[in-house]
Each structure stands twice: as structure tokens, then as C-alpha cells.
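J.: Attaching a single structure in C-alpha cells format; questions to follow.
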Protein chains: 2
Amino acid sequence: MAKAKWLTDAEMRAWRGFIERSADLINIITKDLEPYGLDGGDYQLLAMLSEAPGHKMKMCDLAQTLGLSRSGLTRRMDGVLKAKYVSRVGDQEDRRAVFAQITEKGLALIKKVAPHHVASVRRHMIDLLSPAEIAAFGTGFAKIGKQLSQKTKI
Amino acid sequence: MAKAKWLTDAEMRAWRGFIERSADLINIITKDLEPYGLDGGDYQLLAMLSEAPGHKMKMCDLAQTLGLSRSGLTRRMDGVLKAKYVSRVGDQEDRRAVFAQITEKGLALIKKVAPHHVASVRRHMIDLLSPAEIAAFGTGFAKIGKQLSQKTKI
DNA sequence: CAAAAATAGTTGCGTGCGCAACTATCTACT
DNA sequence: AGTAGATAGTTGCGCACGCAACTATTTTTG
């Protein structure tokens with residue numbers, strides 16, 4: 001038996017809530033992007049690039065930021081490359097590396113879509129939460145992320 | 001422009017934290033299940049059945065609870081059926097329906113694995129959070145889930 | 001009560017992604 | 001310098017899943 005430390009009711013609510021709802025939440029917010037011809041992964045990718053210095057990032061770093069494997073990013077790039085939202089730029093200093101750079105077309109798109117996306121995030125998540133809950137999500141996920149990056153970093 | 005209502009810093013931290021970490025968190029907890037020959041989906045499935053009355057649920061309800069499509073559940077069942085952790089039982093009252101019922105072998109497995117899984121959840125999430133954060137995750141995801149189920153329910 | 005609509009489950013197909021293997025380049029050790 | 005190892009990116013393969021179409025039942029409706 002030795003159940004060691006089971007979860008208390010409050011802990012169980014936190015864990016179950018997270019594990020049961022997070023996929024649904026992400027799905028519905030992704031669905032809201034469909035009318036613009038994007039999925040959640042494309043949006044994250046374009047958003048990252050639009051905020052990056054020079055509007056470009058090395059594939060490698062981008063994959064890490066997006067939580068993708070390198071191969072996963074290669075595939076995901078296919079779509080946004082074909083749509084001309086992103087272009088590939090070789091790195092002069094490291095000829096192994098390639099930058100993904102968002103194009104004017106990509107910037108225009110994300111500028112158009114962003115308000116709707118933000119509204120979607122508000123509607124399905126942020127506006128439902130109290131300020132205290134918002135703060136707790138922020139600090140909580142920061143702690144979780146810090147621990148995760150340590151694990152990975154060894 | 002008309003950025004309408006953008007996210008405040010605190011709101012951004014909450015959203016970014018959630019969207020960037022949740023996949024990683026789920027992945028690492030799934031990885032911790034691998035030594036037992038299960039993945040996260042199998043575990044959730046067995047856990048649900050082990051708690052259900054009669055240790056069984058209709059495929060349909062089970063799919064909904066697990067956040068899967070009906071076809072997705074059919075495929076997922078393949079694995080646990082072949083491993084004899086779950087068996088299929090026809091419904092006498094509705095001959096379209098099929099129950100998924102966890103076997104003794106499945107119950108034994110989940111009883112063995114549960115403590116390690118709980119420890120994993122604690123290590124990667126629960127034990128990192130303050131009681132206030134835990135409470136906020138519980139109430140926050142409950143609100144999010146309630147809204148989601150209304151959307152779906154029309 | 002017959003016909004139409006709804007519901008449970010499975011199957012074919014397409015997609016997104018990770019892992020392992022591969023090439024090309026860079027870095028470190030001797 | 002020269003070789004061994006690390007690193008960036010791509011490709012082949014496999015897996016899990018959703019959607020649409022299909023069959024088999026049940027429910028609804030005129």
C-alpha cells in the first residue's frame with residue numbers, strides 16, 4: 001500500500017483541473033484562429049519571430065522556445081514558408097545554422113490576427129479569472145518552468 | 001491598430017506561462033510513466049475506469065471524460081486491450097453500446113503505478129506551488145472548464 | 001407503425017510531431 | 001594541424017489523434 005503522500009482535495013482539484021482542461025482550452029483557442037488560416041503552432045511561431053530582434057531567430061532557439069523538437073520545427077516551417085509568412089536566411093557566422101525570419105506578409109498577418117487572438121484568450125481564460133488567480137497562474141507556471149528547465153539543462 | 005484590450009503584464013505572464021509550460025509539464029510526467037509500460041493517456045484511461053462504478057464505463061462517456069474523440073478512444077483501447085488491462089463488455093440494454101471494463105490485471109497495475117505517478121505530479125507541479133497557488137489553480141481551471149462545457153453543450 | 005433522425009462505435013485517410021539516422025559544419029583535445 | 005566529439009538542420013519512419021464516412025442500433029415523429 002504505502003500510498004506515501006497522496007494528493008489532498010485541493011491538490012487534486014489543481015492537478016485534475018489542469019490535466020483535464022488544458023487540452024480543451026488550447027483546442028478552442030486554436031479553433032478561433034482557423035478563420036485566419038493559422039493554427040496555434042503557426043501563431044506562436046509568427047508571434048515569436050515578430051518580437052525577436054531583426055524579426056529572426058535561429059531554428060534551434062526557435063524550436064526550444066516553441067517547445068518543439070528540431071524535426072518538428074522543420075515540418076512546421078513548411079507551412080509558413082509556402083505561405084511566404086517566413087523566409088529562411090543563412091547565418092554568415094555559423095554555416096550550419098539557418099535563421100527563420102518573418103516576412104512583411106507575415107508581420108501584416110499577425111498584426112491583423114493578434115487582436116482577435118487576444119480576445120479569444122481573454123474570453124476563454126483571462127477574463128474568467130480573478131486578479132489573484134491570474135497572479136497565481138503567473139508565479140505558479142514560472143516555478144514549474146524553472147524546475148523543468150533545470151531538469152533539461154543537465 | 002485598435003488593439004482593443006491587450007493583456008497586462010500579469011495577464012501575459014499567466015497566459016504565456018500556461019501555454020509555454022503546460023506541454024512540457026505533461027510530457028515530463030508522461031515520461032515518468034514509461035518505465036511501467038504506460039503513457040499518460042493509458043494512465044488516465046485506467047484511472048478513470050478504476051474509479052468508475054462496476055469498474056466500467058461506456059466508450060462514449062469515457063471518450064468525453066478523457067477529452068478524446070470516439071475514434072481516438074477506439075485506437076487508444078487497442079493498446080490496453082491487447083495488454084489485457086481492459087476488456088470489452090456489450091451493453092444488454094443498448095446493443096449499440098460497449099462498456100470498457102478494467103481487468104484485475106489492469107487494477108493491479110494501476111495500484112502499483114499510482115504512487116509513483118502521484119510522486120511525479122508532486123515533484124513537477126504540486127510541491128512547487130504555495131497553498132494559495134494550488135487553490136487558485138483549482139478554482140481557475142474549474143471556471144475555465146465550466147465555460148468550456150457551456151460552449152460545447154449548445 | 002413506418003420513415004426519419006439521432007446515437008454508438010469502427011475504419012480510411014490526413015496531419016503533426018518525436019526519435020533515430022544522416023550530412024554538414026564547428027569546437028576541443030593532443 | 002588532425003582527429004574526435006558536439007551541434008544545426010533534414011529526412012524516414014512510426015504513433016496518436018481528429019474528421020468524414022460507414023454500419024448497426026435506438027429514438028422520434030408524423
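Note on naming: chains are A, B, ... as they come in the C-alpha cells, residues start from 1 per chain, ligands start from 1 in the order shown.
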What's around Thr8 of chain A at 12 Å? Count only C-alpha atoms (C1' of nucleotides), leave out sequence neighbours fewer than 3 positions away in its own chain, and write the answer as a ChimeraX atom specification.

T.: /A:5,11-16 /B:118,122,126-127,131,134-135,138

J.: Can you list, as an NGL selection string, every protein, DNA or RNA residue that comes within 10 Å of Ala63 of chain A when you count only C-alpha atoms (C1' of nucleotides), leaving out same-chain residues fewer than 4 positions away?

T.: :A and (45 or 57-59 or 67-74 or 76)

J.: Mind pulling up the distance from atom CA of Gly41 of chain A to atom CA of Ile102 of chain A?

T.: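 Rounded to one decimal, the two atoms are 14.5 Å apart.
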
J.: Give me the residues near DG2 of chain D as a ChimeraX atom specification, where near means some atom within 12 Å (using only C-alpha atoms (C1' of nucleotides)) and where sequence neighbours in that chain fewer than 3 positions away do not count.

T.: /C:28-30

J.: Would you save the residues from that selection as a compact mmCIF listing (two decimals), in the first residue's frame, using N, CA and C atoms (P, O5', C5', C4', C3', O3' and C1' of nucleotides)?

T.:
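Just written: out01.txt:
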```txt
# COMPACT_ATOMS: atom_id res chain seq x y z
P DA C 28 35.41 25.10 -27.81
O5' DA C 28 35.96 23.70 -27.26
C5' DA C 28 35.36 22.49 -27.70
C4' DA C 28 36.19 21.29 -27.25
C3' DA C 28 37.40 21.63 -26.39
O3' DA C 28 37.68 20.50 -25.55
C1' DA C 28 38.14 20.79 -28.46
P DC C 29 38.84 20.58 -24.43
O5' DC C 29 39.82 19.39 -24.83
C5' DC C 29 39.26 18.12 -25.19
C4' DC C 29 40.31 17.26 -25.88
C3' DC C 29 41.68 17.28 -25.20
O3' DC C 29 42.21 15.96 -25.22
C1' DC C 29 41.92 17.92 -27.45
P DT C 30 43.32 15.51 -24.15
O5' DT C 30 44.61 15.24 -25.04
C5' DT C 30 44.56 14.28 -26.11
C4' DT C 30 45.74 14.50 -27.05
C3' DT C 30 46.98 15.01 -26.33
O3' DT C 30 47.90 13.93 -26.16
C1' DT C 30 46.62 16.15 -28.40
```

J.: Check the DSSP output for the backbone and give back, as a ChimeraX atom specification, the residues of chain B in helix (DSSP H, G or I).

T.: /B:9-31,34-36,40-51,53-55,59-66,70-82,104-124,126-128,131-153

J.: List every residue of chain D that has an atom at most 7 Å from any atom of chain B, and for each one report the closest atom pair and its distance in Å to one decimal, counting only C-alpha atoms (C1' of nucleotides), with rows sorted by chain and then by increasing residue number, as a tab-separated table.

T.:
```
residue	atom	partner	partner_atom	distance
D:DC17	C1'	B:Gly72	CA	5.6
D:DG18	C1'	B:Ser69	CA	7.0
D:DA24	C1'	B:Arg96	CA	6.7
D:DT25	C1'	B:Arg96	CA	5.2
```

J.: Based on only C-alpha atoms, which of the residues in chain B come within 7 Å of chain A? I want them as an mmCIF file with C-alpha atoms, in the first residue's frame.

T.:
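The new file part.cif reads:
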```cif
data_model
loop_
_atom_site.group_PDB
_atom_site.id
_atom_site.type_symbol
_atom_site.label_atom_id
_atom_site.label_comp_id
_atom_site.auth_asym_id
_atom_site.auth_seq_id
_atom_site.Cartn_x
_atom_site.Cartn_y
_atom_site.Cartn_z
ATOM 1 C CA LYS B 3 -5.591 46.914 -30.019
ATOM 2 C CA ALA B 4 -8.794 46.793 -28.041
ATOM 3 C CA TRP B 6 -4.324 43.935 -24.779
ATOM 4 C CA ALA B 10 0.357 39.963 -15.114
ATOM 5 C CA GLU B 11 -2.148 38.562 -17.570
ATOM 6 C CA ARG B 13 2.635 36.066 -17.521
ATOM 7 C CA ALA B 14 -0.350 33.871 -16.731
ATOM 8 C CA GLY B 17 3.260 30.572 -18.535
ATOM 9 C CA PHE B 18 0.352 28.328 -19.270
ATOM 10 C CA ARG B 21 4.895 25.189 -19.921
ATOM 11 C CA PRO B 115 2.123 6.099 -6.028
ATOM 12 C CA VAL B 118 1.486 10.878 -7.679
ATOM 13 C CA HIS B 124 6.975 18.509 -11.110
ATOM 14 C CA MET B 125 3.998 20.572 -10.054
ATOM 15 C CA ILE B 126 2.184 20.366 -6.753
ATOM 16 C CA LEU B 128 6.407 23.632 -6.206
ATOM 17 C CA LEU B 129 3.258 25.637 -5.568
ATOM 18 C CA GLU B 133 -1.426 28.925 -5.839
ATOM 19 C CA ILE B 134 -2.863 25.445 -5.536
ATOM 20 C CA ALA B 135 -6.207 26.870 -4.571
ATOM 21 C CA ALA B 136 -6.053 29.323 -7.462
ATOM 22 C CA PHE B 137 -5.264 26.578 -9.966
ATOM 23 C CA GLY B 138 -8.218 24.604 -8.667
ATOM 24 C CA GLY B 140 -9.269 28.876 -12.033
ATOM 25 C CA PHE B 141 -9.398 25.701 -14.060
ATOM 26 C CA ALA B 142 -12.850 24.977 -12.691
ATOM 27 C CA LYS B 143 -14.086 28.286 -14.093
ATOM 28 C CA ILE B 144 -12.359 27.658 -17.389
ATOM 29 C CA GLY B 145 -13.838 24.196 -17.596
#
```

J.: Just need the residues of chain C within 12 Å of chain B, counting only C-alpha atoms (C1' of nucleotides), so spit them out as a list in words.

T.: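 Selected residues: DT7, DA8, DG9, DT10, DT11, DG12 and DG18 of chain C.
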
J.: May I have the selected residues written with N, CA and C atoms (P, O5', C5', C4', C3', O3' and C1' of nucleotides), as an mmCIF file, in the first residue's frame?

T.:
```
data_model
loop_
_atom_site.group_PDB
_atom_site.id
_atom_site.type_symbol
_atom_site.label_atom_id
_atom_site.label_comp_id
_atom_site.auth_asym_id
_atom_site.auth_seq_id
_atom_site.Cartn_x
_atom_site.Cartn_y
_atom_site.Cartn_z
ATOM 1 P P DT C 7 -28.385 12.828 -30.428
ATOM 2 O "O5'" DT C 7 -27.726 11.387 -30.313
ATOM 3 C "C5'" DT C 7 -28.441 10.359 -29.644
ATOM 4 C "C4'" DT C 7 -27.674 9.070 -29.748
ATOM 5 C "C3'" DT C 7 -26.169 9.201 -29.466
ATOM 6 O "O3'" DT C 7 -25.828 8.308 -28.422
ATOM 7 C "C1'" DT C 7 -26.569 7.910 -31.401
ATOM 8 P P DA C 8 -24.403 8.183 -27.849
ATOM 9 O "O5'" DA C 8 -23.903 6.804 -28.467
ATOM 10 C "C5'" DA C 8 -24.488 5.581 -28.020
ATOM 11 C "C4'" DA C 8 -23.632 4.400 -28.424
ATOM 12 C "C3'" DA C 8 -22.140 4.590 -28.199
ATOM 13 O "O3'" DA C 8 -21.585 3.376 -27.676
ATOM 14 C "C1'" DA C 8 -22.551 4.235 -30.515
ATOM 15 P P DG C 9 -20.054 3.367 -27.217
ATOM 16 O "O5'" DG C 9 -19.301 2.908 -28.539
ATOM 17 C "C5'" DG C 9 -19.516 1.568 -28.998
ATOM 18 C "C4'" DG C 9 -18.984 1.413 -30.397
ATOM 19 C "C3'" DG C 9 -17.479 1.642 -30.569
ATOM 20 O "O3'" DG C 9 -16.845 0.394 -30.739
ATOM 21 C "C1'" DG C 9 -18.765 2.527 -32.387
ATOM 22 P P DT C 10 -15.270 0.291 -31.006
ATOM 23 O "O5'" DT C 10 -15.168 0.323 -32.595
ATOM 24 C "C5'" DT C 10 -15.892 -0.642 -33.350
ATOM 25 C "C4'" DT C 10 -15.597 -0.491 -34.834
ATOM 26 C "C3'" DT C 10 -14.115 -0.461 -35.210
ATOM 27 O "O3'" DT C 10 -13.915 -1.406 -36.246
ATOM 28 C "C1'" DT C 10 -15.246 1.394 -36.164
ATOM 29 P P DT C 11 -12.437 -1.705 -36.798
ATOM 30 O "O5'" DT C 11 -12.322 -0.766 -38.084
ATOM 31 C "C5'" DT C 11 -13.234 -0.969 -39.172
ATOM 32 C "C4'" DT C 11 -12.928 0.030 -40.292
ATOM 33 C "C3'" DT C 11 -11.440 0.184 -40.648
ATOM 34 O "O3'" DT C 11 -11.318 0.161 -42.068
ATOM 35 C "C1'" DT C 11 -12.389 2.284 -40.217
ATOM 36 P P DG C 12 -9.909 0.212 -42.793
ATOM 37 O "O5'" DG C 12 -9.930 1.630 -43.529
ATOM 38 C "C5'" DG C 12 -10.910 1.899 -44.532
ATOM 39 C "C4'" DG C 12 -10.631 3.227 -45.227
ATOM 40 C "C3'" DG C 12 -9.178 3.442 -45.666
ATOM 41 O "O3'" DG C 12 -9.168 4.198 -46.886
ATOM 42 C "C1'" DG C 12 -9.760 5.065 -44.039
ATOM 43 P P DG C 18 7.832 17.517 -31.007
ATOM 44 O "O5'" DG C 18 8.390 16.067 -30.656
ATOM 45 C "C5'" DG C 18 7.637 15.183 -29.838
ATOM 46 C "C4'" DG C 18 8.238 13.786 -29.911
ATOM 47 C "C3'" DG C 18 9.753 13.764 -29.771
ATOM 48 O "O3'" DG C 18 10.129 12.667 -28.941
ATOM 49 C "C1'" DG C 18 9.129 12.812 -31.860
#
```

J.: Kindly give the distance, in Å, that separates atom CA of Ile29 of chain A and atom C1' of DC19 of chain D, rounded to a single decimal.

T.: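 These atoms are spaced 18.6 Å apart.
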
J.: Could you pull out all residues of segment 68-138 of chain A with a DSSP call of strand (DSSP E or B) and give them as a ChimeraX atom specification?

T.: /A:86-90,98-102

J.: Expressed in Å to a single decimal, how great is the separation between atom CA of Gly54 of chain A and atom CA of Phe99 of chain A?

T.: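 Between these atoms lies a distance of 10.3 Å.
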